[in-house]
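Colleague: The structure that follows is given in the form of structure tokens.
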Amino acid sequence: MVRTHRTAVPGVLALALALPMILPVATARAEPPAPPTARSVALTSVGVQLELPRPTGAHAVGLSTLHLVDTGRQDPWVPAAGPRQLMVSVFYPARRGTGEPAPYMTTQEAALLLERQVPGAGIPPETLSGTRSWARSDARPAHGRFPLVLLSPGFTLPRTSLTSLAEDLASRGYVVALTNHTYEDSGTTFPDGHTSTCVVCDDIPGGWPVVNQSRAKDVSFVIDQLISRHSPWQYRQMIDQHRIGMAGHSVGGSAAASAMTADKRVRAGVDMDGTFDIPIPATGLDHRPFMLLGTRSGHAPGEDRSWDQAWTNLDGWKRWLTVTGTGHISFTDLPALAAQLNIPIPGATISGERSAEITRAYVAAFFDLHLKGLRQSLLDGPSPTNPEVTFQHP
């Protein structure tokens, strides 16, 4: 059975450094290209301005960064740290021409991510932290009330790894809460300047189900904070608290189902290429909609028994989509950024830009249908414009 949310992520880009670079044209007489070395990757990163794909919606995108402390819950991984603390990036529809360009991540967060993903490659942390994103800090909010979508990243990955998806959803008319899960990612910087590291990346007390349960509690707490009358987010009135969904990558996708089981406020969920550590209950999810979106190689029927079981137990609207040519991290920012550094992605044969386009289109269509009530022909069946996407019917 494939277990793909161990996020083939730890060191997945490091593995790519041992693979040949993909060149657009090769003549019959050309010698095979040499694998990129740490030195060659470092040289290509000098002076490179990395950039995320542009959002596709009609709205500009604002960004607020919140430091939330759950005084009613001790940190599950480092009890000595006291109450559970989270950093949350809230993306929202904004008015054009307001706010200031928002940073992608801190330099220390970038250094820790590079150390885990491409150790020894020599890529300056500033190259990654200086990635151009499209959100603007403290931009004035657009008028209206919007659905809320929670996003949860893959294990070991910082929340910023789903920034492109978050920005795109916000541009399409969603408030998006992109949450870190402290001590489960490569590094998160807090307002006092300290940066937490990944305490449980190599040894998870209690195993993967505990990760899912902890993330479900994180998500419920974030919802509480965002919709509370005393919310720390100044634009809480933008949120329609009766239209809440969640999507996640890898274990974050598995946790979407766990959150829906634990919290009935989460009305719709998406798992992007994550094995279910806690099975979907045999009684289903109270007829709430759920979408499986994954790699063709790892998540076609029969490849991951947890998906086969989930499909049987899901009792509401459901879709099982696989994307040919994608690897496990194709549903994150990393392929688009790696391509700009000439780093190939293991298992991926479509470009990072294309995988981002597919991910954003299908996730947005799902939430447009189930949180906004807008019919989406994209979800009715195969599309000639997206031949990589297969609708599975086990």
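Naming works like this for the structure tokens: A, B, ... for the chains as they're shown, residue 1 at the start of each chain, ligands 1 onward in shown order.
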Contacts between segment 112-128 of chain A and segment 157-240 of chain A, please, where a residue of segment 157-240 of chain A counts if it comes within 8 Å (with only C-alpha atoms); show its shortest atom pair and distance in Å to one decimal, rows by chain and ascending number, as a tab-separated table.

Modeller:
```
residue	atom	partner	partner_atom	distance
A:Leu157	CA	A:Leu113	CA	7.5
A:Pro158	CA	A:Leu113	CA	7.8
A:Ser186	CA	A:Leu113	CA	5.5
A:Gly187	CA	A:Leu112	CA	6.0
A:Thr197	CA	A:Leu112	CA	7.9
```

Colleague: Would you pick out the contacts of segment 269-284 of chain A at 6 Å or less, using only C-alpha atoms, so that residues sharing its chain but fewer than 5 positions from it are not included, and give the list as a ChimeraX atom specification?

Modeller: /A:3-5,209,245-251,253-254,256,290-294,306,310,313-315

Colleague: Find, counting only C-alpha atoms, the residue in A:Leu379, A:Leu86, A:Leu369, A:Ala259 that gets nearest to Arg243 of chain A.

Modeller: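 Of all the options, A:Leu369 lies closest to Arg243 of chain A.
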
Colleague: Where in segment 80-318 of chain A does DSSP assign strand (DSSP E or B), given as a PyMOL selection string?

Modeller: chain A and resi 83-94+100-101+132+136-137+141+146-152+156+175-179+185+187-189+195-197+239-249+268-272+290-295+318

Colleague: Include C-alpha atoms and write out the residues we just selected as a PDB file, in the first residue's frame.

Modeller:
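Written out: part08.pdb:
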```
ATOM      1  CA  PRO A  83      -0.373  26.508  25.726  1.00  0.00           C
ATOM      2  CA  ARG A  84      -0.623  25.547  22.063  1.00  0.00           C
ATOM      3  CA  GLN A  85       0.549  28.441  19.886  1.00  0.00           C
ATOM      4  CA  LEU A  86      -0.170  28.776  16.173  1.00  0.00           C
ATOM      5  CA  MET A  87       0.679  31.201  13.404  1.00  0.00           C
ATOM      6  CA  VAL A  88      -2.100  31.747  10.875  1.00  0.00           C
ATOM      7  CA  SER A  89      -1.952  33.603   7.565  1.00  0.00           C
ATOM      8  CA  VAL A  90      -5.398  34.957   6.702  1.00  0.00           C
ATOM      9  CA  PHE A  91      -5.816  35.798   3.019  1.00  0.00           C
ATOM     10  CA  TYR A  92      -8.906  37.750   2.011  1.00  0.00           C
ATOM     11  CA  PRO A  93     -10.517  39.575  -0.931  1.00  0.00           C
ATOM     12  CA  ALA A  94      -9.171  43.112  -0.889  1.00  0.00           C
ATOM     13  CA  GLU A 100       2.027  46.784   1.069  1.00  0.00           C
ATOM     14  CA  PRO A 101       3.693  43.746  -0.575  1.00  0.00           C
ATOM     15  CA  ARG A 132       7.322  37.354  -5.022  1.00  0.00           C
ATOM     16  CA  ARG A 136      -0.589  42.701   0.282  1.00  0.00           C
ATOM     17  CA  SER A 137      -0.301  43.172   4.030  1.00  0.00           C
ATOM     18  CA  PRO A 141     -11.006  44.469   2.616  1.00  0.00           C
ATOM     19  CA  PHE A 146     -17.324  35.347   2.053  1.00  0.00           C
ATOM     20  CA  PRO A 147     -16.940  31.614   2.771  1.00  0.00           C
ATOM     21  CA  LEU A 148     -14.022  30.550   4.959  1.00  0.00           C
ATOM     22  CA  VAL A 149     -11.578  27.867   3.795  1.00  0.00           C
ATOM     23  CA  LEU A 150      -8.975  26.362   6.143  1.00  0.00           C
ATOM     24  CA  LEU A 151      -5.757  25.050   4.562  1.00  0.00           C
ATOM     25  CA  SER A 152      -3.405  22.570   6.238  1.00  0.00           C
ATOM     26  CA  THR A 156       7.372  18.919   7.645  1.00  0.00           C
ATOM     27  CA  VAL A 175     -11.337  34.145   3.272  1.00  0.00           C
ATOM     28  CA  VAL A 176      -8.532  31.599   3.618  1.00  0.00           C
ATOM     29  CA  ALA A 177      -6.872  30.648   6.901  1.00  0.00           C
ATOM     30  CA  LEU A 178      -3.519  29.007   6.178  1.00  0.00           C
ATOM     31  CA  THR A 179      -2.401  27.440   9.452  1.00  0.00           C
ATOM     32  CA  ASP A 185       6.997  21.811  10.120  1.00  0.00           C
ATOM     33  CA  GLY A 187      10.258  26.091  10.963  1.00  0.00           C
ATOM     34  CA  THR A 188       7.816  28.849  11.943  1.00  0.00           C
ATOM     35  CA  THR A 189       8.784  32.324  13.124  1.00  0.00           C
ATOM     36  CA  THR A 195      11.583  30.257  15.171  1.00  0.00           C
ATOM     37  CA  SER A 196      10.232  26.856  16.191  1.00  0.00           C
ATOM     38  CA  THR A 197      11.678  23.768  14.510  1.00  0.00           C
ATOM     39  CA  ILE A 239     -16.633  35.619   7.184  1.00  0.00           C
ATOM     40  CA  ASP A 240     -19.893  33.822   6.570  1.00  0.00           C
ATOM     41  CA  GLN A 241     -19.650  31.348   9.424  1.00  0.00           C
ATOM     42  CA  HIS A 242     -22.271  29.076   7.868  1.00  0.00           C
ATOM     43  CA  ARG A 243     -20.027  28.380   4.846  1.00  0.00           C
ATOM     44  CA  ILE A 244     -16.785  26.797   6.032  1.00  0.00           C
ATOM     45  CA  GLY A 245     -14.600  24.268   4.206  1.00  0.00           C
ATOM     46  CA  MET A 246     -11.155  22.743   4.529  1.00  0.00           C
ATOM     47  CA  ALA A 247      -8.481  21.418   2.200  1.00  0.00           C
ATOM     48  CA  GLY A 248      -5.051  20.035   2.941  1.00  0.00           C
ATOM     49  CA  HIS A 249      -2.019  18.477   1.358  1.00  0.00           C
ATOM     50  CA  ALA A 268     -16.864  20.413   2.765  1.00  0.00           C
ATOM     51  CA  GLY A 269     -13.371  18.924   2.480  1.00  0.00           C
ATOM     52  CA  VAL A 270     -10.559  18.143   0.044  1.00  0.00           C
ATOM     53  CA  ASP A 271      -7.678  15.702   0.500  1.00  0.00           C
ATOM     54  CA  MET A 272      -4.754  16.448  -1.803  1.00  0.00           C
ATOM     55  CA  PHE A 290     -15.600  15.477  -0.022  1.00  0.00           C
ATOM     56  CA  MET A 291     -13.120  15.376  -2.901  1.00  0.00           C
ATOM     57  CA  LEU A 292     -10.037  13.206  -3.347  1.00  0.00           C
ATOM     58  CA  LEU A 293      -7.372  14.813  -5.555  1.00  0.00           C
ATOM     59  CA  GLY A 294      -4.124  12.936  -5.999  1.00  0.00           C
ATOM     60  CA  THR A 295      -1.381  11.525  -8.171  1.00  0.00           C
ATOM     61  CA  LYS A 318     -17.917  12.903  -3.821  1.00  0.00           C
TER      62      LYS A 318
END
```

Colleague: Please provide the set of residues having any atom within 12 Å of Lys217 of chain A, restricted to only C-alpha atoms, with same-chain residues fewer than 6 positions apart removed, written as a PDB file with all heavy atoms, in the first residue's frame.

Modeller:
```pdb
ATOM      1  N   ASP A  70      -3.909  29.026  22.301  1.00  0.00           N
ATOM      2  CA  ASP A  70      -5.017  28.263  22.854  1.00  0.00           C
ATOM      3  C   ASP A  70      -4.739  27.994  24.327  1.00  0.00           C
ATOM      4  O   ASP A  70      -4.078  27.013  24.689  1.00  0.00           O
ATOM      5  CB  ASP A  70      -5.170  26.951  22.076  1.00  0.00           C
ATOM      6  CG  ASP A  70      -6.408  26.170  22.492  1.00  0.00           C
ATOM      7  OD1 ASP A  70      -7.055  26.544  23.480  1.00  0.00           O
ATOM      8  OD2 ASP A  70      -6.722  25.158  21.820  1.00  0.00           O
ATOM      9  N   GLY A  72      -6.560  26.929  26.534  1.00  0.00           N
ATOM     10  CA  GLY A  72      -7.246  25.763  27.071  1.00  0.00           C
ATOM     11  C   GLY A  72      -6.618  24.444  26.667  1.00  0.00           C
ATOM     12  O   GLY A  72      -7.163  23.377  26.981  1.00  0.00           O
ATOM     13  N   ARG A  73      -5.455  24.508  26.012  1.00  0.00           N
ATOM     14  CA  ARG A  73      -4.851  23.264  25.505  1.00  0.00           C
ATOM     15  C   ARG A  73      -3.337  23.357  25.574  1.00  0.00           C
ATOM     16  O   ARG A  73      -2.731  24.282  25.049  1.00  0.00           O
ATOM     17  CB  ARG A  73      -5.310  23.049  24.065  1.00  0.00           C
ATOM     18  CG  ARG A  73      -4.739  21.818  23.384  1.00  0.00           C
ATOM     19  CD  ARG A  73      -5.230  21.765  21.949  1.00  0.00           C
ATOM     20  NE  ARG A  73      -4.537  20.745  21.172  1.00  0.00           N
ATOM     21  CZ  ARG A  73      -4.185  20.883  19.901  1.00  0.00           C
ATOM     22  NH1 ARG A  73      -4.451  22.004  19.252  1.00  0.00           N
ATOM     23  NH2 ARG A  73      -3.564  19.901  19.274  1.00  0.00           N
ATOM     24  N   GLN A  74      -2.742  22.391  26.215  1.00  0.00           N
ATOM     25  CA  GLN A  74      -1.287  22.323  26.280  1.00  0.00           C
ATOM     26  C   GLN A  74      -0.738  21.817  24.957  1.00  0.00           C
ATOM     27  O   GLN A  74      -1.374  21.015  24.271  1.00  0.00           O
ATOM     28  CB  GLN A  74      -0.876  21.388  27.410  1.00  0.00           C
ATOM     29  CG  GLN A  74       0.600  21.413  27.757  1.00  0.00           C
ATOM     30  CD  GLN A  74       0.899  20.556  28.976  1.00  0.00           C
ATOM     31  OE1 GLN A  74       0.388  19.442  29.104  1.00  0.00           O
ATOM     32  NE2 GLN A  74       1.705  21.064  29.876  1.00  0.00           N
ATOM     33  N   ASP A  75       0.443  22.299  24.588  1.00  0.00           N
ATOM     34  CA  ASP A  75       1.021  21.839  23.334  1.00  0.00           C
ATOM     35  C   ASP A  75       1.223  20.325  23.384  1.00  0.00           C
ATOM     36  O   ASP A  75       1.804  19.803  24.331  1.00  0.00           O
ATOM     37  CB  ASP A  75       2.358  22.522  23.059  1.00  0.00           C
ATOM     38  CG  ASP A  75       2.836  22.241  21.650  1.00  0.00           C
ATOM     39  OD1 ASP A  75       3.449  21.179  21.435  1.00  0.00           O
ATOM     40  OD2 ASP A  75       2.569  23.048  20.757  1.00  0.00           O
ATOM     41  N   PRO A  76       0.734  19.605  22.353  1.00  0.00           N
ATOM     42  CA  PRO A  76       0.808  18.140  22.407  1.00  0.00           C
ATOM     43  C   PRO A  76       2.203  17.582  22.181  1.00  0.00           C
ATOM     44  O   PRO A  76       2.485  16.439  22.572  1.00  0.00           O
ATOM     45  CB  PRO A  76      -0.130  17.702  21.270  1.00  0.00           C
ATOM     46  CG  PRO A  76      -0.070  18.831  20.285  1.00  0.00           C
ATOM     47  CD  PRO A  76       0.055  20.072  21.130  1.00  0.00           C
ATOM     48  N   ARG A  84      -0.829  25.715  23.497  1.00  0.00           N
ATOM     49  CA  ARG A  84      -0.623  25.547  22.063  1.00  0.00           C
ATOM     50  C   ARG A  84      -0.625  26.911  21.374  1.00  0.00           C
ATOM     51  O   ARG A  84      -1.546  27.711  21.544  1.00  0.00           O
ATOM     52  CB  ARG A  84      -1.740  24.677  21.499  1.00  0.00           C
ATOM     53  CG  ARG A  84      -1.664  24.376  19.996  1.00  0.00           C
ATOM     54  CD  ARG A  84      -0.516  23.479  19.665  1.00  0.00           C
ATOM     55  NE  ARG A  84      -0.664  22.864  18.339  1.00  0.00           N
ATOM     56  CZ  ARG A  84       0.346  22.312  17.676  1.00  0.00           C
ATOM     57  NH1 ARG A  84       1.571  22.288  18.206  1.00  0.00           N
ATOM     58  NH2 ARG A  84       0.146  21.760  16.496  1.00  0.00           N
ATOM     59  N   LEU A  86      -0.109  28.950  17.616  1.00  0.00           N
ATOM     60  CA  LEU A  86      -0.170  28.776  16.173  1.00  0.00           C
ATOM     61  C   LEU A  86       0.050  30.118  15.474  1.00  0.00           C
ATOM     62  O   LEU A  86      -0.322  31.168  16.000  1.00  0.00           O
ATOM     63  CB  LEU A  86      -1.538  28.230  15.750  1.00  0.00           C
ATOM     64  CG  LEU A  86      -1.996  26.915  16.380  1.00  0.00           C
ATOM     65  CD1 LEU A  86      -3.457  26.647  16.009  1.00  0.00           C
ATOM     66  CD2 LEU A  86      -1.111  25.760  15.930  1.00  0.00           C
ATOM     67  N   THR A 179      -2.847  27.664   8.076  1.00  0.00           N
ATOM     68  CA  THR A 179      -2.401  27.440   9.452  1.00  0.00           C
ATOM     69  C   THR A 179      -1.132  26.614   9.512  1.00  0.00           C
ATOM     70  O   THR A 179      -1.022  25.586   8.836  1.00  0.00           O
ATOM     71  CB  THR A 179      -3.517  26.718  10.239  1.00  0.00           C
ATOM     72  OG1 THR A 179      -4.708  27.494  10.167  1.00  0.00           O
ATOM     73  CG2 THR A 179      -3.130  26.514  11.695  1.00  0.00           C
ATOM     74  N   HIS A 181       1.229  24.133  11.876  1.00  0.00           N
ATOM     75  CA  HIS A 181       0.984  23.208  12.986  1.00  0.00           C
ATOM     76  C   HIS A 181       2.323  23.091  13.703  1.00  0.00           C
ATOM     77  O   HIS A 181       3.218  22.345  13.285  1.00  0.00           O
ATOM     78  CB  HIS A 181       0.462  21.875  12.475  1.00  0.00           C
ATOM     79  CG  HIS A 181      -0.828  22.010  11.710  1.00  0.00           C
ATOM     80  ND1 HIS A 181      -2.040  22.153  12.338  1.00  0.00           N
ATOM     81  CD2 HIS A 181      -1.078  22.076  10.375  1.00  0.00           C
ATOM     82  CE1 HIS A 181      -2.995  22.278  11.423  1.00  0.00           C
ATOM     83  NE2 HIS A 181      -2.433  22.234  10.225  1.00  0.00           N
ATOM     84  N   VAL A 210      -2.389  10.488  15.860  1.00  0.00           N
ATOM     85  CA  VAL A 210      -2.299  11.596  16.807  1.00  0.00           C
ATOM     86  C   VAL A 210      -2.084  12.920  16.067  1.00  0.00           C
ATOM     87  O   VAL A 210      -2.608  13.966  16.472  1.00  0.00           O
ATOM     88  CB  VAL A 210      -1.163  11.350  17.826  1.00  0.00           C
ATOM     89  CG1 VAL A 210      -1.012  12.539  18.769  1.00  0.00           C
ATOM     90  CG2 VAL A 210      -1.443  10.080  18.624  1.00  0.00           C
ATOM     91  N   VAL A 211      -1.327  12.888  14.971  1.00  0.00           N
ATOM     92  CA  VAL A 211      -1.140  14.090  14.162  1.00  0.00           C
ATOM     93  C   VAL A 211      -2.483  14.583  13.638  1.00  0.00           C
ATOM     94  O   VAL A 211      -2.817  15.773  13.708  1.00  0.00           O
ATOM     95  CB  VAL A 211      -0.172  13.829  12.993  1.00  0.00           C
ATOM     96  CG1 VAL A 211      -0.062  15.054  12.101  1.00  0.00           C
ATOM     97  CG2 VAL A 211       1.205  13.421  13.513  1.00  0.00           C
ATOM     98  N   ILE A 223     -11.017  28.234  13.807  1.00  0.00           N
ATOM     99  CA  ILE A 223     -12.373  28.664  13.464  1.00  0.00           C
ATOM    100  C   ILE A 223     -12.984  29.469  14.607  1.00  0.00           C
ATOM    101  O   ILE A 223     -13.568  30.546  14.398  1.00  0.00           O
ATOM    102  CB  ILE A 223     -13.257  27.448  13.123  1.00  0.00           C
ATOM    103  CG1 ILE A 223     -12.762  26.765  11.849  1.00  0.00           C
ATOM    104  CG2 ILE A 223     -14.718  27.875  12.956  1.00  0.00           C
ATOM    105  CD1 ILE A 223     -13.474  25.448  11.544  1.00  0.00           C
ATOM    106  N   ASP A 224     -12.849  28.940  15.821  1.00  0.00           N
ATOM    107  CA  ASP A 224     -13.370  29.653  16.990  1.00  0.00           C
ATOM    108  C   ASP A 224     -12.838  31.083  17.031  1.00  0.00           C
ATOM    109  O   ASP A 224     -13.583  32.045  17.260  1.00  0.00           O
ATOM    110  CB  ASP A 224     -12.970  28.943  18.284  1.00  0.00           C
ATOM    111  CG  ASP A 224     -13.672  27.618  18.483  1.00  0.00           C
ATOM    112  OD1 ASP A 224     -14.702  27.375  17.828  1.00  0.00           O
ATOM    113  OD2 ASP A 224     -13.174  26.807  19.302  1.00  0.00           O
ATOM    114  N   ALA A 255      -6.170  15.145   7.523  1.00  0.00           N
ATOM    115  CA  ALA A 255      -6.705  15.887   8.664  1.00  0.00           C
ATOM    116  C   ALA A 255      -7.985  16.634   8.314  1.00  0.00           C
ATOM    117  O   ALA A 255      -8.788  16.941   9.207  1.00  0.00           O
ATOM    118  CB  ALA A 255      -5.657  16.865   9.196  1.00  0.00           C
ATOM    119  N   ALA A 256      -8.199  16.929   7.029  1.00  0.00           N
ATOM    120  CA  ALA A 256      -9.457  17.571   6.641  1.00  0.00           C
ATOM    121  C   ALA A 256     -10.636  16.675   6.989  1.00  0.00           C
ATOM    122  O   ALA A 256     -11.671  17.136   7.479  1.00  0.00           O
ATOM    123  CB  ALA A 256      -9.448  17.897   5.147  1.00  0.00           C
ATOM    124  N   SER A 258     -10.566  14.321   9.322  1.00  0.00           N
ATOM    125  CA  SER A 258     -10.625  14.258  10.786  1.00  0.00           C
ATOM    126  C   SER A 258     -11.305  15.491  11.358  1.00  0.00           C
ATOM    127  O   SER A 258     -12.086  15.398  12.315  1.00  0.00           O
ATOM    128  CB  SER A 258      -9.206  14.128  11.358  1.00  0.00           C
ATOM    129  OG  SER A 258      -8.599  12.919  10.948  1.00  0.00           O
ATOM    130  N   ALA A 259     -11.024  16.656  10.782  1.00  0.00           N
ATOM    131  CA  ALA A 259     -11.658  17.891  11.238  1.00  0.00           C
ATOM    132  C   ALA A 259     -13.157  17.863  10.975  1.00  0.00           C
ATOM    133  O   ALA A 259     -13.961  18.298  11.810  1.00  0.00           O
ATOM    134  CB  ALA A 259     -11.020  19.095  10.548  1.00  0.00           C
ATOM    135  N   MET A 260     -13.551  17.332   9.811  1.00  0.00           N
ATOM    136  CA  MET A 260     -14.983  17.251   9.510  1.00  0.00           C
ATOM    137  C   MET A 260     -15.696  16.294  10.454  1.00  0.00           C
ATOM    138  O   MET A 260     -16.845  16.525  10.846  1.00  0.00           O
ATOM    139  CB  MET A 260     -15.188  16.826   8.063  1.00  0.00           C
ATOM    140  CG  MET A 260     -14.781  17.884   7.051  1.00  0.00           C
ATOM    141  SD  MET A 260     -15.019  17.354   5.331  1.00  0.00           S
ATOM    142  CE  MET A 260     -16.822  17.348   5.221  1.00  0.00           C
ATOM    143  N   THR A 261     -15.020  15.217  10.842  1.00  0.00           N
ATOM    144  CA  THR A 261     -15.611  14.269  11.782  1.00  0.00           C
ATOM    145  C   THR A 261     -15.810  14.914  13.152  1.00  0.00           C
ATOM    146  O   THR A 261     -16.830  14.683  13.817  1.00  0.00           O
ATOM    147  CB  THR A 261     -14.713  13.021  11.914  1.00  0.00           C
ATOM    148  OG1 THR A 261     -14.570  12.402  10.633  1.00  0.00           O
ATOM    149  CG2 THR A 261     -15.301  12.018  12.889  1.00  0.00           C
ATOM    150  N   ALA A 262     -14.836  15.746  13.553  1.00  0.00           N
ATOM    151  CA  ALA A 262     -14.863  16.335  14.891  1.00  0.00           C
ATOM    152  C   ALA A 262     -15.665  17.631  14.974  1.00  0.00           C
ATOM    153  O   ALA A 262     -16.134  17.992  16.057  1.00  0.00           O
ATOM    154  CB  ALA A 262     -13.432  16.589  15.365  1.00  0.00           C
ATOM    155  N   ASP A 263     -15.813  18.330  13.850  1.00  0.00           N
ATOM    156  CA  ASP A 263     -16.400  19.669  13.884  1.00  0.00           C
ATOM    157  C   ASP A 263     -17.405  19.808  12.745  1.00  0.00           C
ATOM    158  O   ASP A 263     -17.028  19.921  11.578  1.00  0.00           O
ATOM    159  CB  ASP A 263     -15.293  20.724  13.743  1.00  0.00           C
ATOM    160  CG  ASP A 263     -15.757  22.130  14.092  1.00  0.00           C
ATOM    161  OD1 ASP A 263     -16.938  22.441  13.841  1.00  0.00           O
ATOM    162  OD2 ASP A 263     -14.927  22.924  14.576  1.00  0.00           O
TER     163      ASP A 263
END
```

Colleague: Would you mind listing what lies within 8 Å of segment 345-360 of chain A as a PyMOL selection string, with only C-alpha atoms counted and same-chain residues fewer than 5 positions away left out?

Modeller: chain A and resi 12-13+15-16+19+53+164-165+168-169+325-328+330-339+386

Colleague: Using DSSP secondary structure from the backbone, list all helix (DSSP H, G or I) positions within segment 48-289 of chain A, as a ChimeraX atom specification.

Modeller: /A:79-81,107-117,125-129,159-171,208-227,236-238,251-262

Colleague: For Gln234 of chain A, which of A:Thr65, A:Arg159, A:Glu303, A:Gly99 is the closest residue, counting only C-alpha atoms?

Modeller: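 Ranking A:Thr65, A:Arg159, A:Glu303, A:Gly99 by distance to Gln234 of chain A, first place goes to A:Thr65.
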
Colleague: One decimal, Å: what's the distance from atom CA of Gly57 of chain A over to atom CA of Ala361 of chain A, could you say?

Modeller: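 That distance, rounded to one decimal, is 10.7 Å.
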
Colleague: For Ala166 of chain A, which of A:Cys201, A:Ala102, A:Ala81, A:Val61 is the closest residue, counting only C-alpha atoms?

Modeller: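 Of A:Cys201, A:Ala102, A:Ala81, A:Val61, the one nearest Ala166 of chain A, counting only C-alpha atoms, is A:Val61.
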
Colleague: With distances taken over only C-alpha atoms, which residue among A:Thr71, A:Ser64, A:Ser220, A:Thr160 lies nearest Thr106 of chain A?

Modeller: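 Using only C-alpha atoms, Thr106 of chain A sits closest to A:Thr160.
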